[in-house]
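With compact mmCIF, C-alpha atoms inside, this is entry-v1.txt:
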```txt
# COMPACT_ATOMS: atom_id res chain seq x y z
CA MET U 304 94.13 57.46 51.32
CA PRO U 305 93.44 61.12 50.41
CA ARG U 306 91.42 61.82 47.30
CA LYS U 307 93.31 62.77 44.18
CA GLY U 308 92.81 66.42 43.29
CA ARG U 309 90.90 67.29 40.14
CA GLU U 310 92.93 67.90 37.03
CA ARG U 311 92.63 71.58 36.19
CA SER U 312 91.67 72.79 32.74
CA GLU U 313 93.86 75.33 30.97
CA THR U 314 90.78 76.68 29.17
CA GLY U 315 88.33 76.53 32.08
CA ILE U 316 86.20 74.04 30.13
CA TYR U 317 85.32 70.65 31.62
CA HIS U 318 83.36 67.53 30.81
CA VAL U 319 81.34 66.80 33.95
CA MET U 320 79.34 63.71 34.89
CA LEU U 321 76.90 63.36 37.77
CA ARG U 322 75.17 60.07 38.51
CA GLY U 323 72.50 58.84 40.86
CA ILE U 324 73.61 57.27 44.11
CA ASN U 325 73.89 53.47 43.73
CA ARG U 326 73.27 54.09 40.01
CA GLN U 327 69.58 54.71 40.69
CA ASP U 328 67.41 56.59 38.20
CA ILE U 329 67.21 60.30 38.97
CA PHE U 330 64.38 61.14 36.57
CA GLU U 331 61.01 59.43 37.05
CA GLU U 332 58.94 61.32 34.47
CA PRO U 333 59.31 64.08 31.83
CA ASP U 334 58.61 66.89 34.31
CA ASP U 335 61.71 65.85 36.26
CA TYR U 336 63.95 66.23 33.21
CA TRP U 337 62.50 69.67 32.52
CA ALA U 338 62.96 70.74 36.13
CA PHE U 339 66.66 69.89 35.82
CA ILE U 340 66.94 71.73 32.51
CA LYS U 341 65.40 74.81 34.12
CA ILE U 342 68.00 74.62 36.89
CA LEU U 343 70.74 74.54 34.25
CA SER U 344 69.24 77.64 32.64
CA THR U 345 69.26 79.63 35.89
CA VAL U 346 72.49 78.50 37.56
CA GLN U 347 74.70 80.39 35.12
CA THR U 348 73.68 83.83 36.42
CA ARG U 349 73.29 84.65 40.12
CA PHE U 350 73.08 87.70 42.35
CA ALA U 351 76.37 88.84 43.84
CA ASP U 352 76.82 88.77 47.61
CA ASP U 353 75.69 92.40 47.93
CA HIS U 354 72.48 91.57 45.96
CA SER U 355 72.98 94.76 43.93
CA SER U 356 74.40 93.13 40.81
CA ARG U 357 74.44 89.82 39.00
CA ILE U 358 77.45 87.64 38.25
CA CYS U 359 78.13 85.06 35.57
CA THR U 360 78.92 81.83 37.40
CA SER U 361 79.57 79.67 34.34
CA HIS U 362 78.71 78.96 30.72
CA ILE U 363 77.16 75.64 29.71
CA HIS U 364 78.05 74.59 26.17
CA ALA U 365 76.29 71.22 26.03
CA TYR U 366 74.26 68.85 28.20
CA CYS U 367 72.56 65.49 28.05
CA LEU U 368 70.29 64.04 30.73
CA MET U 369 70.23 60.25 30.82
CA PRO U 370 67.93 58.25 33.13
CA ASN U 371 70.55 57.78 35.85
CA HIS U 372 73.34 60.19 34.97
CA ILE U 373 74.08 63.60 33.46
CA HIS U 374 76.72 64.94 31.09
CA LEU U 375 77.74 68.61 30.97
CA LEU U 376 80.25 70.54 28.90
CA LEU U 377 80.82 73.53 31.16
CA CYS U 378 83.12 76.54 31.31
CA GLU U 379 84.05 78.15 34.63
CA LYS U 380 83.48 81.88 34.97
CA GLU U 381 83.18 83.62 38.35
CA TRP U 382 82.52 80.37 40.23
CA ASP U 383 84.84 77.41 40.21
CA LEU U 384 83.67 74.06 38.90
CA GLY U 385 82.84 72.58 42.30
CA GLU U 386 80.61 75.51 43.27
CA VAL U 387 78.63 75.29 40.02
CA VAL U 388 78.09 71.53 40.17
CA LYS U 389 77.22 71.65 43.87
CA SER U 390 74.57 74.29 43.20
CA ILE U 391 73.05 72.26 40.34
CA ALA U 392 73.00 69.02 42.33
CA ALA U 393 71.63 70.59 45.52
CA SER U 394 68.84 72.42 43.66
CA TYR U 395 67.66 69.30 41.86
CA ALA U 396 67.95 67.06 44.94
CA LEU U 397 65.76 69.52 46.86
CA PHE U 398 63.15 69.41 44.08
CA TYR U 399 63.27 65.62 43.72
CA ASN U 400 63.16 64.81 47.43
CA LYS U 401 60.25 67.16 48.04
CA LYS U 402 58.30 65.81 45.07
CA TYR U 403 58.80 62.14 45.91
CA GLY U 404 58.80 62.40 49.70
CA ARG U 405 62.31 61.10 50.17
CA ILE U 406 65.32 62.24 52.22
CA GLY U 407 69.06 61.86 51.86
CA HIS U 408 71.52 62.04 49.00
CA LEU U 409 70.33 61.72 45.42
CA PHE U 410 73.69 61.91 43.65
CA GLN U 411 76.92 60.04 44.15
CA ASP U 412 79.02 62.18 46.48
CA ARG U 413 81.89 63.00 44.15
CA PHE U 414 81.14 64.01 40.58
CA LYS U 415 83.59 63.17 37.82
CA SER U 416 85.31 65.71 35.60
CA GLU U 417 87.97 65.91 32.95
CA PRO U 418 89.59 68.99 31.40
CA CYS U 419 89.09 70.06 27.82
CA ASN U 420 92.31 71.69 26.69
CA SER U 421 92.04 71.74 22.91
CA PRO U 422 89.50 72.47 20.13
CA GLU U 423 89.87 68.89 18.93
CA TYR U 424 88.88 67.41 22.27
CA TYR U 425 86.08 69.97 22.62
CA MET U 426 84.56 68.59 19.42
CA THR U 427 85.06 65.00 20.60
CA LEU U 428 83.26 65.77 23.86
CA PHE U 429 80.51 67.68 22.04
CA ARG U 430 79.86 64.66 19.85
CA TYR U 431 80.18 62.17 22.70
CA ILE U 432 77.70 63.99 24.93
CA HIS U 433 75.06 64.37 22.25
CA GLN U 434 75.51 60.81 20.95
CA ASN U 435 74.99 59.28 24.41
CA PRO U 436 71.27 58.52 23.92
CA VAL U 437 72.02 56.94 20.53
CA LYS U 438 74.77 54.78 22.01
CA ALA U 439 72.39 53.70 24.79
CA GLY U 440 69.74 52.71 22.24
CA LEU U 441 67.18 55.27 23.43
CA VAL U 442 66.89 56.96 20.02
CA SER U 443 68.27 56.40 16.54
CA LYS U 444 69.45 60.00 16.00
CA ALA U 445 70.75 62.65 18.40
CA GLU U 446 68.11 65.13 17.22
CA GLU U 447 65.34 62.81 18.45
CA TYR U 448 66.36 62.92 22.11
CA GLU U 449 64.25 65.40 24.09
CA TYR U 450 66.60 65.97 27.00
CA SER U 451 69.82 67.15 25.39
CA SER U 452 71.12 70.50 24.21
CA TRP U 453 71.45 69.38 20.59
CA ARG U 454 67.69 69.21 20.07
CA ASN U 455 66.70 71.88 22.58
CA ASP U 456 69.32 74.60 22.09
CA TYR U 457 71.22 74.05 18.85
CA LEU U 458 68.15 72.99 16.85
CA GLY U 459 65.91 75.39 18.79
CA GLN U 460 63.21 72.87 19.75
CA SER U 461 62.70 74.11 23.33
CA ALA U 462 61.48 77.36 24.84
CA VAL U 463 63.97 76.88 27.71
CA SER U 464 67.36 78.22 26.68
CA VAL U 465 70.39 76.81 28.49
CA CYS U 466 73.53 76.80 26.36
CA HIS U 467 75.84 79.47 25.04
CA ILE U 468 75.58 78.00 21.57
CA GLN U 469 77.59 80.70 19.80
CA ALA U 470 80.81 79.45 21.41
CA ALA U 471 80.62 76.24 19.37
CA ILE U 472 78.91 77.69 16.30
CA ASN U 473 81.41 80.54 15.92
CA ARG U 474 84.34 78.17 16.31
CA PHE U 475 83.18 75.28 14.12
CA GLY U 476 80.14 76.43 12.13
CA PHE U 477 76.60 75.04 12.46
CA ASP U 478 76.79 72.83 9.36
CA GLU U 479 80.01 71.21 10.56
CA LEU U 480 78.58 70.68 14.05
CA THR U 481 75.52 69.00 12.55
CA ALA U 482 77.62 66.68 10.40
CA TRP U 483 79.84 65.71 13.33
CA VAL U 484 77.00 65.13 15.80
CA ASN U 485 75.37 62.79 13.28
CA MET U 486 78.62 60.91 12.65
CA PRO U 487 79.20 58.16 15.28
CA LEU U 488 82.46 58.37 17.15
CA PRO U 489 84.90 55.55 16.34
CA ASP U 490 84.97 52.74 18.90
CA ASP U 491 88.60 53.49 19.76
CA ILE U 492 87.73 56.99 21.03
CA VAL U 493 86.85 56.73 24.72
CA CYS U 494 85.92 59.71 26.88
CA MET U 495 85.67 59.63 30.64
CA GLU U 496 83.34 56.81 31.69
CA LEU U 497 81.35 56.22 34.87
CA ASP U 498 82.69 52.72 35.12
CA GLY U 499 83.40 49.76 32.88
CA ARG U 500 79.74 48.89 32.32
CA LYS U 501 77.23 50.32 29.91
CA ILE U 502 74.72 52.46 31.79
CA ILE U 503 71.25 50.93 31.59
CA ALA U 504 68.08 52.55 32.92
CA ASP U 505 66.27 50.64 35.68
CA GLU U 506 63.08 50.78 33.64
CA THR U 507 64.84 49.04 30.73
CA VAL U 508 65.84 46.19 33.05
CA ARG U 509 62.31 45.93 34.46
CA GLN U 510 60.76 45.83 31.00
CA MET U 511 63.04 43.03 29.84
CA ILE U 512 62.33 40.99 32.98
CA MET U 513 58.59 41.40 32.52
CA ILE U 514 58.79 40.43 28.84
CA LYS U 515 60.85 37.32 29.61
CA CYS U 516 58.48 36.28 32.39
CA GLY U 517 55.26 37.23 30.62
CA ILE U 518 54.13 39.40 33.54
CA ARG U 519 52.65 42.88 33.83
CA GLY U 520 54.46 44.09 36.93
CA MET U 521 57.50 43.37 39.08
CA ALA U 522 55.29 42.25 41.98
CA ASP U 523 54.47 39.16 39.92
CA PHE U 524 58.19 38.45 39.54
CA GLN U 525 58.39 37.75 43.26
CA LEU U 526 55.94 34.84 42.82
CA PHE U 527 58.54 32.86 40.87
CA SER U 528 60.90 30.51 42.70
CA LYS U 529 64.23 31.95 43.80
CA GLU U 530 66.07 29.74 41.31
CA ARG U 531 63.88 30.94 38.44
CA ARG U 532 64.36 34.57 39.48
CA LYS U 533 68.13 34.06 39.56
CA GLU U 534 68.01 32.43 36.14
CA ILE U 535 66.08 35.37 34.68
CA ALA U 536 68.40 37.86 36.40
CA TRP U 537 71.42 36.17 34.84
CA GLU U 538 69.85 36.24 31.36
CA VAL U 539 69.03 39.94 31.63
CA MET U 540 72.49 40.79 32.99
CA SER U 541 74.11 38.96 30.11
CA GLU U 542 71.95 40.55 27.43
CA LEU U 543 71.87 44.13 28.72
CA GLY U 544 75.18 44.38 30.53
CA ALA U 545 73.49 45.54 33.74
CA GLY U 546 75.54 45.46 36.95
CA PRO U 547 74.98 43.40 40.14
CA ARG U 548 73.84 46.33 42.28
CA GLN U 549 71.30 47.40 39.69
CA MET U 550 69.97 43.86 39.30
CA SER U 551 69.71 43.50 43.07
CA ARG U 552 67.82 46.78 43.31
CA VAL U 553 65.38 45.90 40.52
CA THR U 554 64.77 42.21 41.30
CA GLY U 555 64.87 42.19 45.11
CA LEU U 556 67.50 39.43 45.08
CA SER U 557 70.42 40.05 47.40
CA TYR U 558 73.56 41.67 46.06
CA THR U 559 75.59 38.61 47.08
CA GLN U 560 73.38 36.30 45.03
CA ILE U 561 73.62 38.55 41.98
CA TYR U 562 77.36 39.07 42.43
CA LYS U 563 77.93 35.31 42.43
CA LEU U 564 75.93 35.01 39.20
CA ASP U 565 78.06 37.75 37.64
CA LYS U 566 81.31 36.06 38.68
CA LYS U 567 80.09 32.68 37.48
CA GLY U 568 79.48 34.19 34.05
```
Before we go any further, please render this structure as structure tokens.
Amino acid sequence: MPRKGRERSETGIYHVMLRGINRQDIFEEPDDYWAFIKILSTVQTRFADDHSSRICTSHIHAYCLMPNHIHLLLCEKEWDLGEVVKSIAASYALFYNKKYGRIGHLFQDRFKSEPCNSPEYYMTLFRYIHQNPVKAGLVSKAEEYEYSSWRNDYLGQSAVSVCHIQAAINRFGFDELTAWVNMPLPDDIVCMELDGRKIIADETVRQMIMIKCGIRGMADFQLFSKERRKEIAWEVMSELGAGPRQMSRVTGLSYTQIYKLDKKG
């Protein structure tokens, strides 16, 4: 069956999500996050084909880097959406693979996008993107998260400038943006999601397993009986909402075993 074409935006503005292949983490340490942020800062302006002038490929209005996925609020300029996202993903994959000595794809092949066709939905997306770390339990306030545009660009806490902040400030005002970012979105407002499960970092799953087992590393987890490992895996899945593939990846249990536990629950 052919893929469904992307819904085009009347304004040129899109909410974009990229995630790691098989939901794997795509940032291992702080330097990785900052490498990606630097790519975002440079992708928006490129040399033209004749190398004699520069072109504006896009404008980024907001971003948030989560352990295994990325949110962008992005406006097309001289490049279309696919070209911009492809350039971002390819640049970071090259950096990551070289640093960690790996080969192959880092991101899921097809990124997700949705159009932003109204000021009201722009504000909803702006809030949703910046509240992602709060919703995931990584911080208590959006301003505390180091790898999003709210702290780094709008509050000016980073030397690396990425976003065209005046687009939002001129339209809504800084005080109103601040109030809205700090006001949780109602539960009945749902933006585009990766899938039906809450996104949990692999490290969060590992930490809970180690706490439950009283161990200092995942190598010790393999010393438990298979039945005990399955029991712990089920408890962690239930409490965190982690998915079968992630649990299989973290625990070393087969996907089939984890899937059966998930269905049984």
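Closest approach to U:Leu441 from the set U:Lys515, U:Pro370, U:Phe330, U:Leu343 is made by U:Pro370, with distances taken over only C-alpha atoms.
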Checklist line | Polymer residues at most 10 Å from stretch 446-455 of chain U, all atoms listed in the file, same-chain spacing of 2 or more positions, as number ranges by chain | finding: U: 333, 336-337, 339-340, 363-370, 373-375, 429-430, 432-437, 441-444, 457-466, 468, 480-481, 484-485
Next item on the list: Rank nothing, just name the residue among U:Ile324, U:Met426, U:Leu409, U:Ile329 nearest to U:Gly476, using only C-alpha atoms.
Entry: U:Met426
Checklist line | Counting all atoms listed in the file, the residue of U:Ser528, U:Ser344, U:Thr360, U:Thr554 that sits nearest U:Met513 | finding: U:Thr554
Checklist line | Coordinates-based distance that separates atom CA of U:Met320 from atom CA of U:Ser416 (Å, one decimal) | finding: 6.3 Å
Next item on the list: Starting from the point (62.2, 48.4, 41.0), work out which residues of protein, DNA or RNA have an atom no more than 12 Å away when counting all atoms listed in the file; state them as JSON, numbers by chain.
Entry: {"U": [327, 328, 331, 504, 505, 506, 507, 508, 509, 510, 512, 513, 520, 521, 522, 524, 525, 548, 549, 550, 551, 552, 553, 554, 555, 556]}
Next item on the list: For atom CA of U:Tyr399 and atom CA of U:Lys380, quote the distance in Å rounded to one decimal.
Entry: 27.4 Å
Next item on the list: Go ahead and compute the interatomic distance for atom CA of U:Glu538 and atom CA of U:Gly440, in Å to one decimal.
Entry: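 That distance, rounded to one decimal, is 18.8 Å.
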Check: Which is closest to U:Thr345 among U:Lys563, U:Lys389, U:His318, U:His362, if we use all atoms listed in the file?
Finding: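 Ranked by minimum distance to U:Thr345, first place goes to U:His362.
Closest to U:Asn420 among U:Cys378, U:Ala392, U:Ala445, U:Leu321 is U:Cys378, based on all atoms listed in the file.
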Notebook entry, point to check: Between U:Cys516, U:His372, U:Leu488, U:Phe410, which has the minimum distance to U:Val539 (counting all atoms listed in the file)?
Noted result: U:Cys516
Check: Near U:Gly407, within 12 Å and counting all atoms listed in the file, which residues show up once chain neighbours fewer than 2 positions away are dropped, as a PyMOL selection string?
Finding: chain U and resi 323-324+393+396-397+399-401+403-405+409-412
